[in-house]
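Heads up, query_13.json below (JSON, C-alpha atoms):
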[["chain", "number", "residue", "atom", "x", "y", "z"],
["A", 1, "MET", "CA", -8.83, -7.81, 5.69],
["A", 2, "LYS", "CA", -12.21, -7.26, 7.27],
["A", 3, "GLN", "CA", -12.11, -5.73, 10.71],
["A", 4, "ASN", "CA", -14.79, -5.38, 13.32],
["A", 5, "VAL", "CA", -14.02, -2.33, 15.38],
["A", 6, "ALA", "CA", -15.60, -1.66, 18.73],
["A", 7, "GLU", "CA", -16.25, 1.93, 19.75],
["A", 8, "SER", "CA", -13.48, 1.87, 22.35],
["A", 9, "ASP", "CA", -11.04, -0.03, 20.19],
["A", 10, "PRO", "CA", -9.61, 2.12, 17.38],
["A", 11, "VAL", "CA", -7.22, 0.32, 15.04],
["A", 12, "GLY", "CA", -4.37, 1.72, 12.99],
["A", 13, "ASN", "CA", -2.94, -0.09, 9.99],
["A", 14, "ALA", "CA", -0.15, 1.23, 7.77],
["A", 15, "ILE", "CA", 1.78, -0.04, 4.77],
["A", 16, "PHE", "CA", 5.17, 1.45, 4.01],
["A", 17, "SER", "CA", 7.54, 1.00, 1.09],
["A", 18, "LEU", "CA", 10.93, -0.18, 2.32],
["A", 19, "TYR", "CA", 12.47, 0.97, -0.94],
["A", 20, "THR", "CA", 11.16, 4.54, -0.61],
["A", 21, "LEU", "CA", 12.23, 4.76, 3.01],
["A", 22, "GLY", "CA", 15.71, 3.48, 2.23],
["A", 23, "CYS", "CA", 15.11, 0.67, 4.65],
["A", 24, "SER", "CA", 15.28, -2.40, 2.43],
["A", 25, "SER", "CA", 18.46, -3.54, 4.17],
["A", 26, "CYS", "CA", 17.66, -2.35, 7.69],
["A", 27, "SER", "CA", 18.84, -5.09, 9.99],
["A", 28, "GLY", "CA", 16.41, -6.27, 12.62],
["A", 29, "LEU", "CA", 13.65, -4.05, 11.23],
["A", 30, "GLU", "CA", 10.81, -6.18, 12.57],
["A", 31, "ARG", "CA", 12.39, -6.51, 16.01],
["A", 32, "ARG", "CA", 13.09, -2.77, 16.27],
["A", 33, "LEU", "CA", 9.60, -1.76, 15.17],
["A", 34, "LYS", "CA", 8.00, -4.12, 17.69],
["A", 35, "LYS", "CA", 9.78, -2.26, 20.48],
["A", 36, "VAL", "CA", 8.03, 1.02, 19.59],
["A", 37, "PRO", "CA", 5.24, 1.68, 22.14],
["A", 38, "GLY", "CA", 1.83, 1.32, 20.52],
["A", 39, "ILE", "CA", 2.94, -1.02, 17.73],
["A", 40, "ALA", "CA", 1.13, -4.35, 18.02],
["A", 41, "GLU", "CA", 2.11, -6.27, 14.91],
["A", 42, "VAL", "CA", 4.75, -6.01, 12.18],
["A", 43, "ASN", "CA", 4.89, -7.97, 8.94],
["A", 44, "VAL", "CA", 7.92, -7.33, 6.75],
["A", 45, "ASN", "CA", 7.50, -8.48, 3.15],
["A", 46, "TYR", "CA", 10.96, -8.61, 1.59],
["A", 47, "ALA", "CA", 9.62, -9.93, -1.72],
["A", 48, "ALA", "CA", 7.37, -6.88, -2.07],
["A", 49, "ASP", "CA", 9.76, -4.45, -0.32],
["A", 50, "SER", "CA", 7.01, -3.37, 2.05],
["A", 51, "VAL", "CA", 6.13, -3.56, 5.71],
["A", 52, "GLN", "CA", 2.66, -3.63, 7.23],
["A", 53, "VAL", "CA", 2.25, -2.34, 10.77],
["A", 54, "ARG", "CA", -0.75, -2.56, 13.07],
["A", 55, "PHE", "CA", -0.79, 0.01, 15.82],
["A", 56, "ASP", "CA", -2.81, 1.79, 18.46],
["A", 57, "PRO", "CA", -3.47, 5.26, 16.98],
["A", 58, "SER", "CA", -3.89, 6.74, 20.47],
["A", 59, "LYS", "CA", -0.24, 5.90, 21.22],
["A", 60, "VAL", "CA", 1.60, 6.23, 17.90],
["A", 61, "THR", "CA", 0.80, 7.64, 14.44],
["A", 62, "SER", "CA", 1.72, 6.45, 10.97],
["A", 63, "ASP", "CA", 3.87, 9.60, 10.64],
["A", 64, "ASP", "CA", 5.78, 8.60, 13.80],
["A", 65, "ILE", "CA", 6.38, 5.14, 12.35],
["A", 66, "ARG", "CA", 7.51, 6.55, 8.99],
["A", 67, "THR", "CA", 9.94, 8.90, 10.75],
["A", 68, "PHE", "CA", 11.31, 6.04, 12.87],
["A", 69, "MET", "CA", 11.83, 3.88, 9.78],
["A", 70, "LYS", "CA", 13.54, 6.70, 7.91],
["A", 71, "LYS", "CA", 15.96, 7.02, 10.82],
["A", 72, "LEU", "CA", 16.62, 3.27, 10.65],
["A", 73, "GLY", "CA", 17.45, 3.64, 6.97],
["A", 74, "GLN", "CA", 20.12, 6.25, 7.63],
["A", 75, "PRO", "CA", 23.70, 4.99, 7.90],
["A", 76, "SER", "CA", 24.10, 6.38, 11.40],
["A", 77, "ALA", "CA", 20.97, 4.63, 12.73],
["B", 1, "MET", "CA", 13.13, -25.47, -9.00],
["B", 2, "ASP", "CA", 15.60, -24.15, -11.53],
["B", 3, "GLU", "CA", 19.10, -24.10, -9.99],
["B", 4, "SER", "CA", 19.83, -20.46, -10.89],
["B", 5, "ALA", "CA", 16.52, -19.42, -9.34],
["B", 6, "LEU", "CA", 17.33, -21.37, -6.19],
["B", 7, "ILE", "CA", 20.73, -19.70, -5.91],
["B", 8, "ALA", "CA", 19.14, -16.26, -6.39],
["B", 9, "ILE", "CA", 16.57, -17.01, -3.68],
["B", 10, "GLU", "CA", 19.25, -18.18, -1.25],
["B", 11, "LYS", "CA", 21.39, -15.09, -1.91],
["B", 12, "GLU", "CA", 18.49, -12.68, -1.50],
["B", 13, "ALA", "CA", 17.25, -14.43, 1.64],
["B", 14, "ALA", "CA", 20.75, -14.25, 3.16],
["B", 15, "ALA", "CA", 20.97, -10.54, 2.31],
["B", 16, "GLN", "CA", 17.64, -9.89, 4.01],
["B", 17, "GLN", "CA", 18.47, -12.17, 6.95],
["B", 18, "VAL", "CA", 15.39, -14.33, 6.46],
["B", 19, "SER", "CA", 15.02, -17.99, 5.55],
["B", 20, "SER", "CA", 14.64, -19.10, 1.95],
["B", 21, "ASN", "CA", 11.24, -20.53, 2.92],
["B", 22, "THR", "CA", 10.06, -17.12, 4.15],
["B", 23, "LEU", "CA", 11.18, -15.41, 0.96],
["B", 24, "VAL", "CA", 9.66, -18.08, -1.30],
["B", 25, "ASN", "CA", 6.40, -17.83, 0.63],
["B", 26, "GLN", "CA", 6.36, -14.05, 0.19],
["B", 27, "ILE", "CA", 7.07, -14.34, -3.54],
["B", 28, "LEU", "CA", 4.25, -16.86, -3.95],
["B", 29, "THR", "CA", 1.91, -14.65, -1.91],
["B", 30, "GLN", "CA", 2.77, -11.69, -4.09],
["B", 31, "PHE", "CA", 1.83, -13.76, -7.13],
["B", 32, "SER", "CA", -1.39, -15.13, -5.64],
["B", 33, "GLU", "CA", -2.56, -11.82, -4.14],
["B", 34, "PHE", "CA", -1.57, -9.39, -6.88],
["B", 35, "GLU", "CA", 0.55, -10.36, -9.89],
["B", 36, "ARG", "CA", -1.82, -12.90, -11.42],
["B", 37, "PHE", "CA", -4.64, -10.33, -11.42],
["B", 38, "ALA", "CA", -2.40, -7.44, -12.50],
["B", 39, "LYS", "CA", -1.34, -9.53, -15.49],
["B", 40, "ARG", "CA", -4.95, -9.80, -16.65],
["B", 41, "ILE", "CA", -5.27, -6.03, -16.93],
["B", 42, "ASN", "CA", -1.95, -5.74, -18.83],
["B", 43, "THR", "CA", -0.03, -4.01, -16.03],
["B", 44, "VAL", "CA", 3.42, -2.61, -16.84],
["B", 45, "LYS", "CA", 6.11, -1.45, -14.41],
["B", 46, "PRO", "CA", 7.88, 1.80, -15.28],
["B", 47, "SER", "CA", 10.55, 3.08, -12.89],
["B", 48, "SER", "CA", 9.43, 5.69, -10.35],
["B", 49, "PHE", "CA", 11.63, 8.23, -12.17],
["B", 50, "VAL", "CA", 9.86, 7.63, -15.51],
["B", 51, "PHE", "CA", 6.41, 7.45, -13.86],
["B", 52, "ARG", "CA", 6.96, 10.79, -12.09],
["B", 53, "GLY", "CA", 8.23, 12.41, -15.30],
["B", 54, "LEU", "CA", 5.23, 11.20, -17.34],
["B", 55, "LEU", "CA", 2.83, 12.55, -14.73],
["B", 56, "GLU", "CA", 4.57, 15.93, -14.67],
["B", 57, "ALA", "CA", 4.35, 16.15, -18.46],
["B", 58, "ALA", "CA", 0.67, 15.25, -18.64],
["B", 59, "ASP", "CA", -2.26, 17.64, -18.94],
["B", 60, "SER", "CA", -4.39, 17.52, -15.79],
["B", 61, "ASP", "CA", -7.67, 17.41, -17.76],
["B", 62, "LYS", "CA", -6.44, 14.28, -19.52],
["B", 63, "ILE", "CA", -5.37, 12.85, -16.15],
["B", 64, "ILE", "CA", -8.90, 13.37, -14.80],
["B", 65, "GLU", "CA", -10.49, 11.80, -17.87],
["B", 66, "LEU", "CA", -8.20, 8.78, -17.62],
["B", 67, "ALA", "CA", -8.73, 8.42, -13.87],
["B", 68, "LYS", "CA", -12.51, 8.40, -14.24],
["B", 69, "THR", "CA", -12.37, 5.78, -16.99],
["B", 70, "ALA", "CA", -9.85, 3.61, -15.16],
["B", 71, "GLY", "CA", -11.56, 3.98, -11.78],
["B", 72, "SER", "CA", -14.91, 2.86, -13.10],
["B", 73, "SER", "CA", -13.55, -0.36, -14.63],
["B", 74, "ILE", "CA", -10.13, -1.57, -13.42],
["B", 75, "PRO", "CA", -10.82, -1.94, -9.67],
["B", 76, "GLN", "CA", -14.03, -3.85, -10.35],
["B", 77, "ALA", "CA", -12.25, -6.23, -12.71],
["B", 78, "PHE", "CA", -9.43, -6.69, -10.21],
["B", 79, "VAL", "CA", -11.50, -7.31, -7.09],
["B", 80, "THR", "CA", -14.07, -9.46, -8.87],
["B", 81, "ALA", "CA", -11.29, -11.72, -10.13],
["B", 82, "LYS", "CA", -9.71, -11.82, -6.68],
["B", 83, "SER", "CA", -12.64, -12.04, -4.28],
["B", 84, "GLY", "CA", -15.73, -12.55, -6.41],
["B", 85, "ARG", "CA", -17.46, -9.50, -4.96],
["B", 86, "VAL", "CA", -17.32, -5.71, -5.26],
["B", 87, "ASP", "CA", -18.00, -3.84, -2.02],
["B", 88, "ILE", "CA", -16.34, -1.30, 0.27],
["B", 89, "ASP", "CA", -14.09, -3.88, 1.93],
["B", 90, "SER", "CA", -12.86, -5.40, -1.34],
["B", 91, "LEU", "CA", -12.22, -1.94, -2.83],
["B", 92, "LEU", "CA", -10.25, -0.87, 0.25],
["B", 93, "ASP", "CA", -8.29, -4.11, -0.05],
["B", 94, "HIS", "CA", -7.53, -3.12, -3.65],
["B", 95, "LEU", "CA", -6.14, 0.21, -2.43],
["B", 96, "ARG", "CA", -3.97, -1.64, 0.12],
["B", 97, "SER", "CA", -2.70, -4.02, -2.58],
["B", 98, "LEU", "CA", -1.64, -1.10, -4.79],
["B", 99, "SER", "CA", 0.49, 0.05, -1.87],
["B", 100, "VAL", "CA", 1.98, -3.29, -0.82],
["B", 101, "TYR", "CA", 2.73, -4.68, -4.27],
["B", 102, "ALA", "CA", 2.84, -1.73, -6.69],
["B", 103, "HIS", "CA", 4.32, 1.00, -4.45],
["B", 104, "LEU", "CA", 1.99, 3.62, -5.91],
["B", 105, "TYR", "CA", 1.76, 5.25, -2.47],
["B", 106, "GLU", "CA", 2.18, 4.47, 1.21],
["B", 107, "TYR", "CA", -1.10, 3.58, 2.83],
["B", 108, "SER", "CA", -2.31, 4.09, 6.38],
["B", 109, "GLU", "CA", -5.74, 3.83, 7.89],
["B", 110, "ASN", "CA", -7.34, 4.54, 11.23],
["B", 111, "LEU", "CA", -10.58, 2.70, 11.86],
["B", 112, "ASP", "CA", -13.13, 3.29, 14.59],
["B", 113, "SER", "CA", -16.87, 2.99, 14.93],
["B", 114, "ARG", "CA", -17.50, 6.51, 13.56],
["B", 115, "GLU", "CA", -15.34, 6.55, 10.43],
["B", 116, "GLN", "CA", -12.58, 4.92, 8.41],
["B", 117, "VAL", "CA", -9.85, 7.32, 7.40],
["B", 118, "ALA", "CA", -7.26, 6.16, 4.85],
["B", 119, "THR", "CA", -4.25, 8.28, 3.94],
["B", 120, "LEU", "CA", -2.25, 7.74, 0.75],
["B", 121, "VAL", "CA", 1.18, 9.40, 0.81],
["B", 122, "HIS", "CA", 3.32, 9.54, -2.33],
["B", 123, "ASP", "CA", 6.14, 11.39, -4.04],
["B", 124, "PHE", "CA", 4.73, 11.62, -7.57],
["B", 125, "GLY", "CA", 3.41, 15.20, -7.51],
["B", 126, "LEU", "CA", 0.07, 16.94, -7.80],
["B", 127, "ASN", "CA", -1.09, 15.15, -10.96],
["B", 128, "TRP", "CA", -0.85, 11.83, -9.15],
["B", 129, "SER", "CA", -3.04, 13.14, -6.32],
["B", 130, "ILE", "CA", -5.52, 14.40, -8.93],
["B", 131, "PHE", "CA", -5.52, 10.97, -10.58],
["B", 132, "LEU", "CA", -6.04, 9.18, -7.27],
["B", 133, "VAL", "CA", -8.93, 11.42, -6.18],
["B", 134, "HIS", "CA", -10.84, 10.81, -9.41],
["B", 135, "TYR", "CA", -9.89, 7.12, -9.60],
["B", 136, "ILE", "CA", -11.10, 6.52, -6.03],
["B", 137, "THR", "CA", -14.27, 8.56, -6.56],
["B", 138, "ALA", "CA", -15.17, 6.58, -9.69],
["B", 139, "MET", "CA", -14.26, 3.32, -7.96],
["B", 140, "PHE", "CA", -16.61, 3.87, -5.02],
["B", 141, "GLU", "CA", -19.39, 5.24, -7.24],
["B", 142, "GLN", "CA", -19.69, 1.67, -8.53],
["B", 143, "VAL", "CA", -20.93, 0.60, -5.09],
["B", 144, "GLY", "CA", -23.01, 3.72, -4.46],
["B", 145, "VAL", "CA", -20.63, 5.31, -1.96],
["B", 146, "SER", "CA", -19.24, 8.85, -2.03],
["B", 147, "PRO", "CA", -16.19, 9.10, 0.21],
["B", 148, "LYS", "CA", -14.96, 12.47, 1.41],
["B", 149, "LEU", "CA", -11.62, 13.17, -0.29],
["B", 150, "GLU", "CA", -8.94, 15.76, 0.45],
["B", 151, "MET", "CA", -5.63, 16.11, -1.36],
["B", 152, "SER", "CA", -2.30, 17.89, -1.46],
["B", 153, "ASP", "CA", 0.60, 17.43, -3.88],
["B", 154, "ARG", "CA", 1.87, 14.56, -1.67],
["B", 155, "SER", "CA", -1.21, 12.94, -0.23],
["B", 156, "VAL", "CA", -4.84, 11.97, -0.57],
["B", 157, "ILE", "CA", -7.05, 11.46, 2.47],
["B", 158, "LEU", "CA", -10.15, 9.32, 2.08],
["B", 159, "THR", "CA", -12.91, 9.25, 4.69],
["B", 160, "LEU", "CA", -15.69, 6.66, 4.76],
["B", 161, "PRO", "CA", -18.41, 6.08, 7.34],
["B", 162, "GLY", "CA", -17.45, 3.67, 10.14],
["B", 163, "LYS", "CA", -18.87, 0.19, 10.51]]
Written as structure tokens, how would this file's structure read?
Amino acid sequence: MKQNVAESDPVGNAIFSLYTLGCSSCSGLERRLKKVPGIAEVNVNYAADSVQVRFDPSKVTSDDIRTFMKKLGQPSA
Amino acid sequence: MDESALIAIEKEAAAQQVSSNTLVNQILTQFSEFERFAKRINTVKPSSFVFRGLLEAADSDKIIELAKTAGSSIPQAFVTAKSGRVDIDSLLDHLRSLSVYAHLYEYSENLDSREQVATLVHDFGLNWSIFLVHYITAMFEQVGVSPKLEMSDRSVILTLPGK
């Protein structure tokens, strides 16, 4: 996963465990994450129970994404 | 494909609302990217409950000793088998793989021209952070790099120079 990063082009990449976040059965997870401002790419791996997210760190943080996913995993979400 | 395996794949794919092809592709990717190399280093899979309990019961000096030994050999064996080279990129890829496929922590990184900052967040307690710090230090020593490392009982932050 080699990345060439220009000075003005910071890149964020995060890998979350769907199991830990209680989100392994979140419906429409990929679609919902893609609507979050700053998230550019979402790859859900159901075989590995993980999701990889590419984002613009000036607009959203990995903590924001984790919090959002935790909310999705709650029954009321 | 064995019929019972096919039925299991179809059931799981339906539960996850993805196609059987997508799920099969992900299972094969998991094998090609991780499992076949993990097998070579005799990897076992304890439950998170057991893993956490073992770490809590362990002496931290022993943890450090084990981490240094493991970090100076296992990552090199893994990435050499996978990519044929040992460098910063392949070692970072190893750290990502341990997140995606082994769930040893959640991994996030912010990259810019000045530095690469990777954060490992977990729920396995202080001894796991201690292990990771020494494992990662020993791992990067093999390529002559000394990352800056900070830790808490739930996270390890690794900083490397930018590209």
Do you know which residues are at most 10 Å from His103 of chain B counting only C-alpha atoms, after dropping those on the same chain fewer than 5 positions away, and could you put them as a list in words? Ile15, Phe16, Ser17, Leu18, Tyr19, Thr20, Ala48, Asp49 and Ser50 of chain A; Ser48, Arg96, Ser97, Leu98 and His122 of chain B
Chain B residues near chain A within 6 Å, closest pair each, using only C-alpha atoms, as a tab-separated table:
residue	atom	partner	partner_atom	distance
B:Gln26	CA	A:Ala47	CA	5.6
B:Ile27	CA	A:Ala47	CA	5.4
B:Val100	CA	A:Ser50	CA	5.8
B:Tyr101	CA	A:Ala48	CA	5.6
B:Glu106	CA	A:Phe16	CA	5.1
B:Tyr107	CA	A:Ile15	CA	5.0
B:Ser108	CA	A:Ala14	CA	3.8
B:Glu109	CA	A:Asn13	CA	5.3
B:Asn110	CA	A:Gly12	CA	4.5
B:Leu111	CA	A:Val11	CA	5.2
B:Asp112	CA	A:Pro10	CA	4.6
B:Ser113	CA	A:Glu7	CA	5.0
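In this model, the gap between atom CA of Leu126 of chain B and atom CA of Leu104 of chain B comes to 13.6 Å.
Atom CA of Gln16 of chain B sits 27.2 Å away from atom CA of Lys39 of chain B.
Rounded to one decimal, atom CA of Thr43 of chain B and atom CA of Ile7 of chain B lie 27.9 Å from each other.
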My list of candidates is B:Ser4, B:Ser72, B:Thr80, B:Thr29. Which is closest to Ala138 of chain B when distances are computed with only C-alpha atoms? B:Ser72
So that I can see what lies close to Glu30 of chain A, please list as a ChimeraX atom specification the residues with an atom at most 8 Å from it, counting only C-alpha atoms and leaving out residues fewer than 4 positions away in the same chain. /A:34,42-44
If we count all atoms listed in the file, what is near Ser90 of chain B at a cut-off of 8 Å, once residues fewer than 5 positions away on the same chain are taken out, given as a compact mmCIF listing (two decimals) with C-alpha atoms, keeping the file's coordinate frame?
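out_29.txt, written as the output of this step:
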# COMPACT_ATOMS: atom_id res chain seq x y z
CA VAL B 79 -11.50 -7.31 -7.09
CA SER B 83 -12.64 -12.04 -4.28
CA ARG B 85 -17.46 -9.50 -4.96
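Shortest atom-to-atom contact with Val133 of chain B among B:Leu91, B:Ala67, B:Val18, B:Ala118: B:Ala67, counting all atoms listed in the file.
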Within 10 Å of Trp128 of chain B, counting all atoms listed in the file, which residues show up once you throw out same-chain ones fewer than 6 positions away? Write them as a compact mmCIF listing (two decimals) with C-alpha atoms, keeping the file's coordinate frame, please.
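Final output, part.txt:
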# COMPACT_ATOMS: atom_id res chain seq x y z
CA PHE B 51 6.41 7.45 -13.86
CA ARG B 52 6.96 10.79 -12.09
CA LEU B 55 2.83 12.55 -14.73
CA GLU B 56 4.57 15.93 -14.67
CA SER B 60 -4.39 17.52 -15.79
CA ILE B 63 -5.37 12.85 -16.15
CA ILE B 64 -8.90 13.37 -14.80
CA ALA B 67 -8.73 8.42 -13.87
CA LEU B 104 1.99 3.62 -5.91
CA TYR B 105 1.76 5.25 -2.47
CA HIS B 122 3.32 9.54 -2.33
CA SER B 152 -2.30 17.89 -1.46
CA ASP B 153 0.60 17.43 -3.88
CA ARG B 154 1.87 14.56 -1.67
CA SER B 155 -1.21 12.94 -0.23
CA VAL B 156 -4.84 11.97 -0.57
